[in-house]
Each structure stands twice: as C-alpha cells, then as structure tokens.
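Next comes upload-v2.csv, with CSV, C-alpha atoms.
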chain,number,residue,atom,x,y,z
A,1,MET,CA,77.0,49.2,15.9
A,2,ARG,CA,78.6,52.5,15.1
A,3,ILE,CA,78.0,54.5,11.9
A,4,GLU,CA,81.0,56.7,11.0
A,5,ILE,CA,79.5,59.6,9.1
A,6,LYS,CA,82.9,60.8,7.8
A,7,LYS,CA,83.0,57.7,5.6
A,8,PHE,CA,80.4,59.4,3.4
A,9,GLY,CA,82.5,62.5,3.1
A,10,THR,CA,83.6,65.5,5.2
A,11,ILE,CA,81.4,68.1,3.5
A,12,LEU,CA,77.9,66.8,3.6
A,13,SER,CA,75.4,69.3,2.2
A,14,SER,CA,73.0,68.4,-0.5
A,15,ARG,CA,69.8,66.3,-0.6
A,16,PRO,CA,70.9,64.1,-3.6
A,17,ALA,CA,74.1,63.3,-1.8
A,18,GLY,CA,72.3,62.6,1.5
A,19,LYS,CA,69.8,60.4,-0.3
A,20,GLU,CA,72.5,58.5,-2.1
A,21,ALA,CA,74.4,58.0,1.2
A,22,TRP,CA,71.3,56.7,2.8
A,23,LEU,CA,70.6,54.2,0.0
A,24,ALA,CA,74.1,52.9,0.2
A,25,ALA,CA,73.9,52.7,4.0
A,26,LYS,CA,70.6,50.9,3.8
A,27,ALA,CA,72.0,48.4,1.4
A,28,TYR,CA,75.3,47.7,3.1
A,29,ILE,CA,75.4,48.9,6.7
A,30,VAL,CA,71.9,48.9,8.1
A,31,PRO,CA,71.1,45.2,7.5
A,32,ASP,CA,74.0,44.3,9.8
A,33,ILE,CA,72.6,46.4,12.6
A,34,LYS,CA,69.4,44.4,13.3
A,35,GLU,CA,68.5,44.6,17.0
A,36,GLU,CA,71.6,46.5,18.1
A,37,ASN,CA,71.7,50.1,19.3
A,38,VAL,CA,73.1,52.5,16.7
A,39,GLU,CA,75.8,55.0,17.5
A,40,VAL,CA,76.1,57.8,15.0
A,41,ASP,CA,79.7,59.2,15.0
A,42,PHE,CA,80.2,62.6,13.4
A,43,ASN,CA,83.9,62.8,14.3
A,44,GLY,CA,85.9,64.0,11.3
A,45,VAL,CA,83.0,65.7,9.6
A,46,GLN,CA,83.7,69.3,8.6
A,47,VAL,CA,80.3,70.5,7.3
A,48,LEU,CA,76.9,68.8,7.9
A,49,ALA,CA,74.0,70.8,6.4
A,50,PRO,CA,70.3,70.0,7.2
A,51,SER,CA,69.5,69.0,3.6
A,52,TRP,CA,72.0,66.1,3.7
A,53,ALA,CA,71.1,65.2,7.3
A,54,ASP,CA,67.4,65.2,6.6
A,55,GLU,CA,67.9,62.6,3.8
A,56,PHE,CA,70.1,60.4,5.9
A,57,LEU,CA,69.3,60.8,9.5
A,58,THR,CA,65.5,61.2,9.3
A,59,PRO,CA,65.0,57.7,7.7
A,60,LEU,CA,67.6,56.3,10.1
A,61,GLN,CA,65.7,57.8,13.0
A,62,LYS,CA,62.4,56.4,11.6
A,63,MET,CA,63.9,52.9,11.3
A,64,PHE,CA,65.6,52.7,14.7
A,65,GLY,CA,63.9,55.3,16.9
A,66,LYS,CA,65.2,55.4,20.4
A,67,LYS,CA,68.0,52.9,19.6
A,68,ILE,CA,69.9,55.7,18.0
A,69,LYS,CA,72.5,57.6,20.0
A,70,TYR,CA,74.3,60.6,18.5
A,71,LEU,CA,77.8,60.6,19.9
A,72,PRO,CA,79.1,64.0,21.4
A,73,CYS,CA,80.6,66.2,18.8
A,74,ASP,CA,82.0,69.8,18.9
A,75,ASN,CA,81.4,70.6,15.3
A,76,PRO,CA,79.0,73.6,15.2
A,77,THR,CA,77.4,72.6,11.9
A,78,VAL,CA,76.6,69.2,13.4
A,79,LYS,CA,75.1,70.7,16.6
A,80,THR,CA,73.0,73.3,14.7
A,81,THR,CA,71.8,70.8,12.1
A,82,LEU,CA,70.7,68.3,14.8
A,83,GLU,CA,68.9,71.1,16.6
A,84,ILE,CA,67.1,72.1,13.4
A,85,LEU,CA,66.2,68.5,12.6
A,86,ASP,CA,64.9,67.9,16.1
A,87,GLU,CA,62.6,70.9,15.7
A,88,GLN,CA,61.4,69.6,12.4
A,89,HIS,CA,60.6,66.1,13.9
A,90,LYS,CA,58.7,67.7,16.7
A,91,ASP,CA,56.5,69.7,14.2
A,92,HIS,CA,55.7,66.6,12.2
B,1,MET,CA,83.6,89.8,15.3
B,2,LYS,CA,82.5,93.3,16.6
B,3,SER,CA,83.1,94.5,20.1
B,4,ASP,CA,80.3,94.8,22.5
B,5,THR,CA,80.4,98.6,22.3
B,6,LYS,CA,80.2,98.6,18.5
B,7,LEU,CA,77.1,96.3,18.7
B,8,LYS,CA,75.5,98.7,21.2
B,9,ILE,CA,76.2,101.7,18.9
B,10,LEU,CA,74.6,99.8,15.9
B,11,ALA,CA,71.6,98.9,18.0
B,12,ILE,CA,71.0,102.5,19.1
B,13,ILE,CA,71.3,103.7,15.5
B,14,LYS,CA,68.9,101.0,14.3
B,15,GLN,CA,66.4,101.8,17.0
B,16,ASN,CA,66.3,105.5,16.1
B,17,ASP,CA,66.9,105.3,12.4
B,18,SER,CA,69.6,108.0,12.7
B,19,VAL,CA,71.4,109.5,15.7
B,20,ARG,CA,73.8,112.3,16.6
B,21,VAL,CA,77.0,111.4,18.4
B,22,HIS,CA,75.9,113.0,21.7
B,23,ASP,CA,72.8,110.7,21.7
B,24,ILE,CA,75.2,107.7,21.7
B,25,ILE,CA,77.5,109.2,24.3
B,26,SER,CA,74.6,109.9,26.7
B,27,GLN,CA,73.1,106.4,26.3
B,28,LEU,CA,76.4,104.5,26.6
B,29,GLU,CA,78.0,106.9,29.2
B,30,LEU,CA,81.4,106.4,27.6
B,31,ASN,CA,84.0,109.1,26.7
B,32,HIS,CA,83.5,110.8,23.3
B,33,THR,CA,87.0,109.9,22.0
B,34,GLY,CA,86.2,106.2,22.3
B,35,ILE,CA,82.8,106.6,20.7
B,36,PHE,CA,84.3,108.5,17.7
B,37,ARG,CA,86.9,105.8,17.3
B,38,HIS,CA,84.1,103.1,17.2
B,39,LEU,CA,82.0,105.2,14.8
B,40,LEU,CA,85.0,105.6,12.5
B,41,ASP,CA,85.7,101.8,12.6
B,42,LEU,CA,82.0,101.1,11.8
B,43,GLN,CA,82.2,103.5,8.8
B,44,LEU,CA,85.4,101.8,7.5
B,45,SER,CA,83.8,98.4,7.9
B,46,GLY,CA,80.8,99.6,5.9
B,47,ASP,CA,78.2,99.2,8.6
B,48,ILE,CA,77.2,102.9,8.9
B,49,TYR,CA,77.4,106.1,7.1
B,50,LYS,CA,77.0,109.8,8.0
B,51,ILE,CA,75.3,112.8,6.5
B,52,GLY,CA,75.9,116.4,7.3
B,53,THR,CA,78.8,118.5,8.6
B,54,PRO,CA,79.8,119.2,12.2
B,55,PRO,CA,78.0,119.9,14.4
B,56,PHE,CA,75.0,118.5,12.5
B,57,VAL,CA,76.3,115.1,11.6
B,58,ARG,CA,73.8,112.2,11.8
B,59,TYR,CA,74.7,108.5,11.6
B,60,PHE,CA,72.7,106.0,9.6
B,61,LEU,CA,72.8,102.2,9.2
B,62,LYS,CA,73.8,101.0,5.8
B,63,THR,CA,70.7,98.8,5.2
B,64,ASN,CA,70.5,98.8,1.5
B,65,ILE,CA,73.4,96.6,0.5
B,66,MET,CA,72.8,97.1,-3.2
B,67,GLU,CA,72.9,100.9,-3.2
B,68,ASP,CA,75.7,101.2,-0.7
B,69,SER,CA,78.0,98.3,-1.6
B,70,LYS,CA,81.3,99.1,-3.3
B,71,SER,CA,81.6,95.5,-4.6
B,72,GLU,CA,81.8,95.5,-8.4
B,73,VAL,CA,81.2,91.7,-8.2
B,74,LEU,CA,77.9,92.3,-6.4
B,75,GLN,CA,76.8,95.0,-8.8
B,76,ASN,CA,77.4,92.7,-11.8
B,77,ILE,CA,75.6,89.7,-10.3
B,78,TRP,CA,72.7,92.0,-9.4
B,79,ARG,CA,72.5,93.0,-13.1
B,80,TRP,CA,72.5,89.3,-14.0
B,81,ALA,CA,69.9,88.4,-11.5
B,82,GLN,CA,67.6,91.2,-12.8
B,83,SER,CA,68.2,90.9,-16.5
B,84,GLY,CA,69.9,87.6,-17.2
B,85,ASP,CA,72.6,89.5,-19.1
B,86,PRO,CA,75.1,86.6,-19.8
B,87,HIS,CA,78.0,89.1,-19.9
B,88,ALA,CA,77.4,90.2,-16.3
B,89,VAL,CA,78.8,87.0,-14.8
B,90,THR,CA,81.9,85.0,-15.5
B,91,GLY,CA,82.2,81.4,-16.3
B,92,ASP,CA,83.8,80.7,-13.0
B,93,GLN,CA,80.8,82.2,-11.2
B,94,LEU,CA,78.0,80.5,-13.0
B,95,CYS,CA,77.5,76.9,-12.0
B,96,PRO,CA,75.2,75.3,-14.6
B,97,THR,CA,74.8,72.1,-12.5
B,98,ARG,CA,74.8,71.1,-8.9
B,99,ASP,CA,78.0,69.2,-9.2
B,100,VAL,CA,79.9,72.3,-10.4
B,101,PHE,CA,78.3,74.3,-7.6
B,102,GLN,CA,79.4,71.7,-5.0
B,103,ALA,CA,82.9,71.6,-6.2
B,104,ARG,CA,83.3,75.3,-6.2
B,105,SER,CA,81.6,75.8,-2.8
B,106,ALA,CA,84.0,73.2,-1.3
B,107,ARG,CA,86.9,75.3,-2.6
B,108,LEU,CA,85.7,78.2,-0.5
B,109,LEU,CA,86.5,76.4,2.7
B,110,PRO,CA,90.3,76.8,2.8
B,111,VAL,CA,89.8,80.4,1.8
B,112,LEU,CA,87.4,81.1,4.6
B,113,GLN,CA,89.6,79.2,7.1
B,114,LYS,CA,92.3,81.8,6.5
B,115,GLU,CA,90.1,84.6,7.6
B,116,LEU,CA,87.7,83.0,10.2
B,117,ASN,CA,88.0,80.5,12.9
B,118,GLU,CA,87.4,76.9,11.9
B,119,GLY,CA,83.9,76.5,13.4
B,120,LEU,CA,82.6,79.7,11.8
B,121,SER,CA,84.1,78.8,8.4
B,122,PHE,CA,82.3,75.4,8.5
B,123,LEU,CA,79.0,77.2,9.4
B,124,LEU,CA,79.4,79.7,6.7
B,125,LEU,CA,80.0,77.0,4.1
B,126,ALA,CA,76.9,75.1,5.3
B,127,VAL,CA,74.9,78.3,4.8
B,128,VAL,CA,76.3,78.8,1.3
B,129,ASP,CA,75.5,75.2,0.5
B,130,GLU,CA,71.9,75.4,1.8
B,131,ILE,CA,71.1,78.5,-0.2
B,132,GLY,CA,72.9,77.3,-3.3
B,133,ASN,CA,71.4,73.8,-3.3
B,134,ASN,CA,67.9,75.3,-2.9
B,135,SER,CA,68.4,76.7,-6.4
B,136,TYR,CA,68.8,73.3,-7.9
B,137,ASP,CA,66.2,71.6,-5.6
B,138,HIS,CA,63.4,74.0,-6.6
B,139,ASN,CA,64.2,75.2,-10.1
B,140,LEU,CA,65.3,72.1,-12.1
B,141,GLY,CA,63.4,72.4,-15.3
B,142,ASN,CA,62.0,75.8,-14.3
B,143,TRP,CA,64.8,78.2,-15.0
B,144,ILE,CA,63.7,81.5,-16.7
B,145,ASP,CA,66.5,81.4,-19.2
B,146,ILE,CA,69.9,80.5,-17.7
B,147,ALA,CA,70.3,77.2,-15.9
B,148,GLY,CA,72.2,77.1,-12.6
B,149,ALA,CA,73.2,79.2,-9.7
B,150,VAL,CA,75.9,81.9,-9.4
B,151,LEU,CA,78.4,81.7,-6.6
B,152,ALA,CA,80.9,84.4,-6.0
B,153,HIS,CA,83.2,85.4,-3.2
B,154,ASP,CA,84.4,89.0,-2.9
B,155,GLU,CA,87.2,88.7,-0.4
B,156,THR,CA,87.9,92.4,-0.3
B,157,ASN,CA,84.4,93.3,0.8
B,158,ARG,CA,84.0,90.0,2.8
B,159,ILE,CA,80.8,89.0,1.1
B,160,ILE,CA,79.6,85.8,-0.6
B,161,ILE,CA,77.0,86.2,-3.3
B,162,LEU,CA,74.6,83.5,-4.6
B,163,SER,CA,71.9,84.0,-7.2
B,164,ASP,CA,69.7,82.2,-9.7
B,165,ARG,CA,67.3,82.9,-12.5
B,166,GLY,CA,64.7,80.5,-11.2
B,167,GLN,CA,61.1,80.8,-10.3
B,168,GLY,CA,61.5,82.7,-7.0
B,169,VAL,CA,60.4,81.9,-3.5
B,170,ARG,CA,56.8,82.9,-3.8
B,171,LYS,CA,56.1,80.7,-6.8
B,172,THR,CA,58.1,77.9,-5.2
B,173,ILE,CA,55.8,77.6,-2.2
B,174,SER,CA,52.6,78.9,-3.9
B,175,LYS,CA,51.1,75.4,-4.2
B,176,VAL,CA,51.4,74.7,-0.5
B,177,ARG,CA,50.6,78.3,0.5
B,178,ALA,CA,48.0,79.5,-1.9
B,179,ASN,CA,47.0,82.5,0.3
B,180,LEU,CA,50.3,84.4,0.0
B,181,LYS,CA,49.7,88.1,-0.5
B,182,ASN,CA,53.1,89.0,-1.9
B,183,ASP,CA,56.8,88.2,-2.1
B,184,GLU,CA,57.4,89.6,1.4
B,185,ASP,CA,54.8,87.1,2.8
B,186,ALA,CA,56.6,84.3,1.0
B,187,LEU,CA,60.0,85.2,2.5
B,188,GLN,CA,58.5,85.5,6.0
B,189,VAL,CA,57.2,81.9,5.6
B,190,VAL,CA,60.3,80.3,4.3
B,191,PHE,CA,62.6,81.8,6.9
B,192,THR,CA,60.4,81.1,9.8
B,193,GLU,CA,58.3,78.0,9.1
B,194,ILE,CA,59.1,74.4,8.2
B,195,ILE,CA,57.4,74.2,4.8
B,196,SER,CA,58.3,72.5,1.6
B,197,GLY,CA,57.6,73.7,-1.9
B,198,ARG,CA,58.1,70.0,-2.8
B,199,ALA,CA,55.3,68.6,-0.6
B,200,PRO,CA,54.5,65.9,0.1
B,201,GLU,CA,58.2,65.5,0.6
B,202,GLN,CA,59.1,66.3,4.3
B,203,ARG,CA,61.7,69.0,3.8
B,204,GLY,CA,62.1,72.7,4.0
B,205,ASN,CA,64.3,73.5,7.0
B,206,GLY,CA,67.3,74.9,5.1
B,207,LEU,CA,66.5,78.6,5.4
B,208,LYS,CA,65.6,78.2,9.0
B,209,PHE,CA,69.1,76.8,9.5
B,210,VAL,CA,70.5,79.8,7.5
B,211,LYS,CA,68.6,82.2,9.7
B,212,LYS,CA,69.8,80.5,12.9
B,213,VAL,CA,73.4,80.5,11.9
B,214,ILE,CA,73.4,84.1,10.7
B,215,GLU,CA,71.7,85.3,13.9
B,216,GLU,CA,73.7,83.3,16.3
B,217,ASN,CA,77.0,84.3,14.7
B,218,ASN,CA,76.1,88.0,14.1
B,219,LEU,CA,76.7,87.7,10.4
B,220,MET,CA,74.6,89.7,7.9
B,221,LEU,CA,72.3,88.3,5.2
B,222,THR,CA,70.3,90.1,2.5
B,223,TYR,CA,68.1,87.8,0.6
B,224,PHE,CA,66.1,89.1,-2.4
B,225,SER,CA,63.3,87.3,-4.2
B,226,GLY,CA,60.7,89.0,-6.3
B,227,SER,CA,60.0,92.4,-4.7
B,228,GLY,CA,60.8,91.1,-1.2
B,229,ILE,CA,64.0,91.4,0.9
B,230,CYS,CA,64.8,89.4,4.0
B,231,GLU,CA,67.5,91.2,5.9
B,232,ILE,CA,69.2,89.7,8.9
B,233,VAL,CA,71.5,92.2,10.6
B,234,ASN,CA,72.5,92.6,14.2
B,235,ARG,CA,70.9,89.3,15.0
B,236,LYS,CA,67.4,90.5,13.9
B,237,MET,CA,65.4,89.5,10.8
B,238,GLU,CA,63.4,92.1,8.9
B,239,ILE,CA,61.3,91.6,5.8
B,240,LYS,CA,61.0,94.6,3.5
B,241,HIS,CA,59.6,95.6,0.1
B,242,HIS,CA,62.0,96.4,-2.8
B,243,THR,CA,61.1,98.3,-5.9
B,244,ASN,CA,63.6,96.6,-8.2
B,245,SER,CA,62.3,93.0,-8.6
B,246,ILE,CA,64.6,90.0,-8.8
B,247,PRO,CA,62.7,87.2,-10.6
B,248,GLY,CA,64.7,84.4,-9.0
B,249,MET,CA,66.9,84.9,-6.0
B,250,LEU,CA,69.9,86.8,-4.9
B,251,ALA,CA,71.6,86.4,-1.5
B,252,VAL,CA,74.4,88.3,0.0
B,253,ILE,CA,76.2,87.0,3.0
B,254,LYS,CA,78.4,89.5,4.8
B,255,TYR,CA,80.8,88.1,7.3

As structure tokens - that is how I would like this structure written.
Amino acid sequence: MRIEIKKFGTILSSRPAGKEAWLAAKAYIVPDIKEENVEVDFNGVQVLAPSWADEFLTPLQKMFGKKIKYLPCDNPTVKTTLEILDEQHKDH
Amino acid sequence: MKSDTKLKILAIIKQNDSVRVHDIISQLELNHTGIFRHLLDLQLSGDIYKIGTPPFVRYFLKTNIMEDSKSEVLQNIWRWAQSGDPHAVTGDQLCPTRDVFQARSARLLPVLQKELNEGLSFLLLAVVDEIGNNSYDHNLGNWIDIAGAVLAHDETNRIIILSDRGQGVRKTISKVRANLKNDEDALQVVFTEIISGRAPEQRGNGLKFVKKVIEENNLMLTYFSGSGICEIVNRKMEIKHHTNSIPGMLAVIKY
C-alpha cells in the first residue's frame, strides 16, 4: 500500500492541517492497509515542515512501526524534516 | 551564497571582534586587491561595516540587525512588536488568523523561487511557516492586544520578518521549565532541546528545524523574545541579551 502525501497538498506546514490530514487518512486510507507494508511517497510535495509531519507521520509510525518505508525523495524539506522527526522519536 | 574567501573573512572578523585589513591578508595569504574587493562586497551586502580612516580602518560584523538595517519595513514592524502601535503595520502584513497567514506565506514561494534555487526556496518557506505557525499554536487566546502574526518580505534587503504580540518564548515554556532564569535561557532551550510548551502533547521540534536549516544553508536568523536574542550567523548560534524588550516575538530571516 502506498500513501501519496501530495494528495494532502504540496505545501504541508501546520499542525492543524497535519492533524486533519491524519484523521482523514485514518478514516479512509489506513483501514485498507491492514497487514500490508506501507510505502510513504513524498513525490510532488514542495514543502514539508515538521509540525505537519509530526501530526501525520508520528501516529502513522506508531501504528505501523517497521512496516513503514519512506520512499527516496530529493526534496530538502522532506529530508530535513524526517531527520528532525527521527531525532525526536529517539529522544522519546 | 557567499564564496569561500568571504566566509573566511567573516569568520576572522567574528573571531577578533574587529580587524585591520592586513590581519586578514596575513591570515589568508591572498593578495590585497582581492581582499579589498571581498571587503567591499561584504559591505555592500550589509554583512560588515568599517570605522576609521586609512590607515586606521577596522572592520566589524554587523551583528545588531535592528540598529544597522536600512529596511523601513523592519523598523516599522519592530515598533509594532514593541508597542503594538496599529499604524506601524499594514493590513497586508498582519494576519489575524492562521488561515490568512498560510495563504500569504504560500504566496511567498513563487517570489522566492525567482531569487533562489528551488530547494532553498522550499526550505526557506518551511522555516517561515514553522516560526509563523508557532505564533498561533502558543498564543491563541493569549495575545497581549492584537491577535495574529505579522509576515512581511522586504525583497530589496532580502529579509523576511515575522512577529507577534503574544506571550513570548519564556512564558510559553515556563510551565514545563520552571527553573528558567531569563529570556536568554528560554531561547537556548527552544532552539536546542525538544520541549513543548503544550505538554503533555509531544511536540516542540519546530525551532530545532529552523536552526538546522539556517545553519546548514548559511542563512541568517535574528530571533527576539523578551530581552533575549538568538542570532544564527555564519552557521553559528549565539544567545545574547537585548535592552529593548519585545513582549512577544520578532524574527528576521536574512537570505
């Protein structure tokens, strides 16, 4: 199962927007995933800020753990945000 | 983006507080014509200034962006941040709600893309959004007088300014960090530690992201809150005391 993040927008930067996106995903996308591996595709995203990502990716990570795979992406905001979130998850 | 030689010159001036031109020439072992050209460029770009007349000229870093900036936009927003004077900012700068802020910050992207490479313009917008969204995350219902954040872009001086009349960084984290001594302490914490003023929510990585992007891309940030300043210049962060207090926050990103 692949989650295309660009379907939630190309500039993803606030907590309320991230939370809303996660609630929508949980209602309509996540139930279909079940036992599958989850691929997160950031292709087409212009700006991903940690606030949005924390509201969306952190609960996704909690739900699926090692089944999640972030697909390679050249966007520097995606790279930096994932690095920051990774540090945050290590600290907690 | 500055050349390697210019970065070295800035580092030498910063290390010594001020220098004479022959100090730079002897350290870099380059010809004096090239050094003078770089010094002139750095003055024109607003990074340094000089005091004295030949042969006693000394070069200094422009570290106080408020006193040295030629930006009228910045001076007006500084006045607003200190006093709340509603005439100091315009209607297209003040964003009363997050929705207005998000719409206006998104409009920055095509403007930045004309001046910067695509990746850097994306990163810069992410920084703007992190700082601006913090205003709404932490001050909703707690504004001193005027609700919302100010967002302004001075294209001539290549700066982006954000400000709010909120409760300020120290008060924001005082419940989770009761032992803070002053505003400088509070700034040190929010820029270097993962901590949330909205505990028990797991959040508080935005300003670490801002610091990382500013440092890795050699941008400049001056962030005022209370009597503290966090300044990131030449890839280094420094926390200082400031005599003119800002009750909420004012951030200047120079690119």

| said: Residues of chain B within 7 Å of chain A, counting all atoms listed in the file - could you list those as a PyMOL selection string? | reply: chain B and resi 119+122-123+126+129-130+133+194+205-206+209

| request: Rank nothing, just name the residue among B:Leu187, B:Thr5, B:Arg165, B:Lys254 nearest to B:Lys240, using all atoms listed in the file. | output: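 With all atoms listed in the file as the atom set, the closest residue is B:Leu187.
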
| For the atom pair atom CA of B:Pro54 and atom CA of B:Leu7, what is the interatomic distance in Å to one decimal place? |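 Going from atom CA of B:Pro54 over to atom CA of B:Leu7 covers 24.0 Å.
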
| request: Could you tell me how far atom CA of B:Lys8 lies from atom CA of B:Tyr59, in Å and to one decimal? | output: 13.7 Å

| task | Tell me which protein, DNA and RNA residues are within 10 Å of A:Lys26, counting all atoms listed in the file, leaving out same-chain ones fewer than 6 positions away, and put them as a PyMOL selection string. | result | chain A and resi 20+32+56+59-60

| How far is it from atom CA of B:Asn218 to atom CA of B:Lys236, in Å with one decimal? |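 Atom-to-atom, atom CA of B:Asn218 to atom CA of B:Lys236, that is 9.1 Å.
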
| Which is closer to B:Lys211 than all the others in B:Val190, B:Val169, B:Ile9, B:Val150, using all atoms listed in the file? |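 Smallest distance to B:Lys211 is found for B:Val190.
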
| said: So, with all atoms listed in the file as the atoms that count, which of A:Gly44, A:Pro31, A:Gly65, A:Gly18 lies closest to A:Met1? | reply: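 Of A:Gly44, A:Pro31, A:Gly65, A:Gly18, the one nearest A:Met1 is A:Pro31, counting all atoms listed in the file.
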
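Among the candidate residues B:Ser71, B:Asn179, B:Arg235, B:Pro247, the one lying nearest to B:Asp145 is B:Pro247, with distances computed using only C-alpha atoms.
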
| said: Can you tell me which residues surround B:Gln43 at a distance of at most 12 Å, considering all atoms listed in the file, apart from same-chain residues fewer than 2 positions away, and format the answer as a ChimeraX atom specification? | reply: /B:6,9-10,36-41,45-51,59-62,68
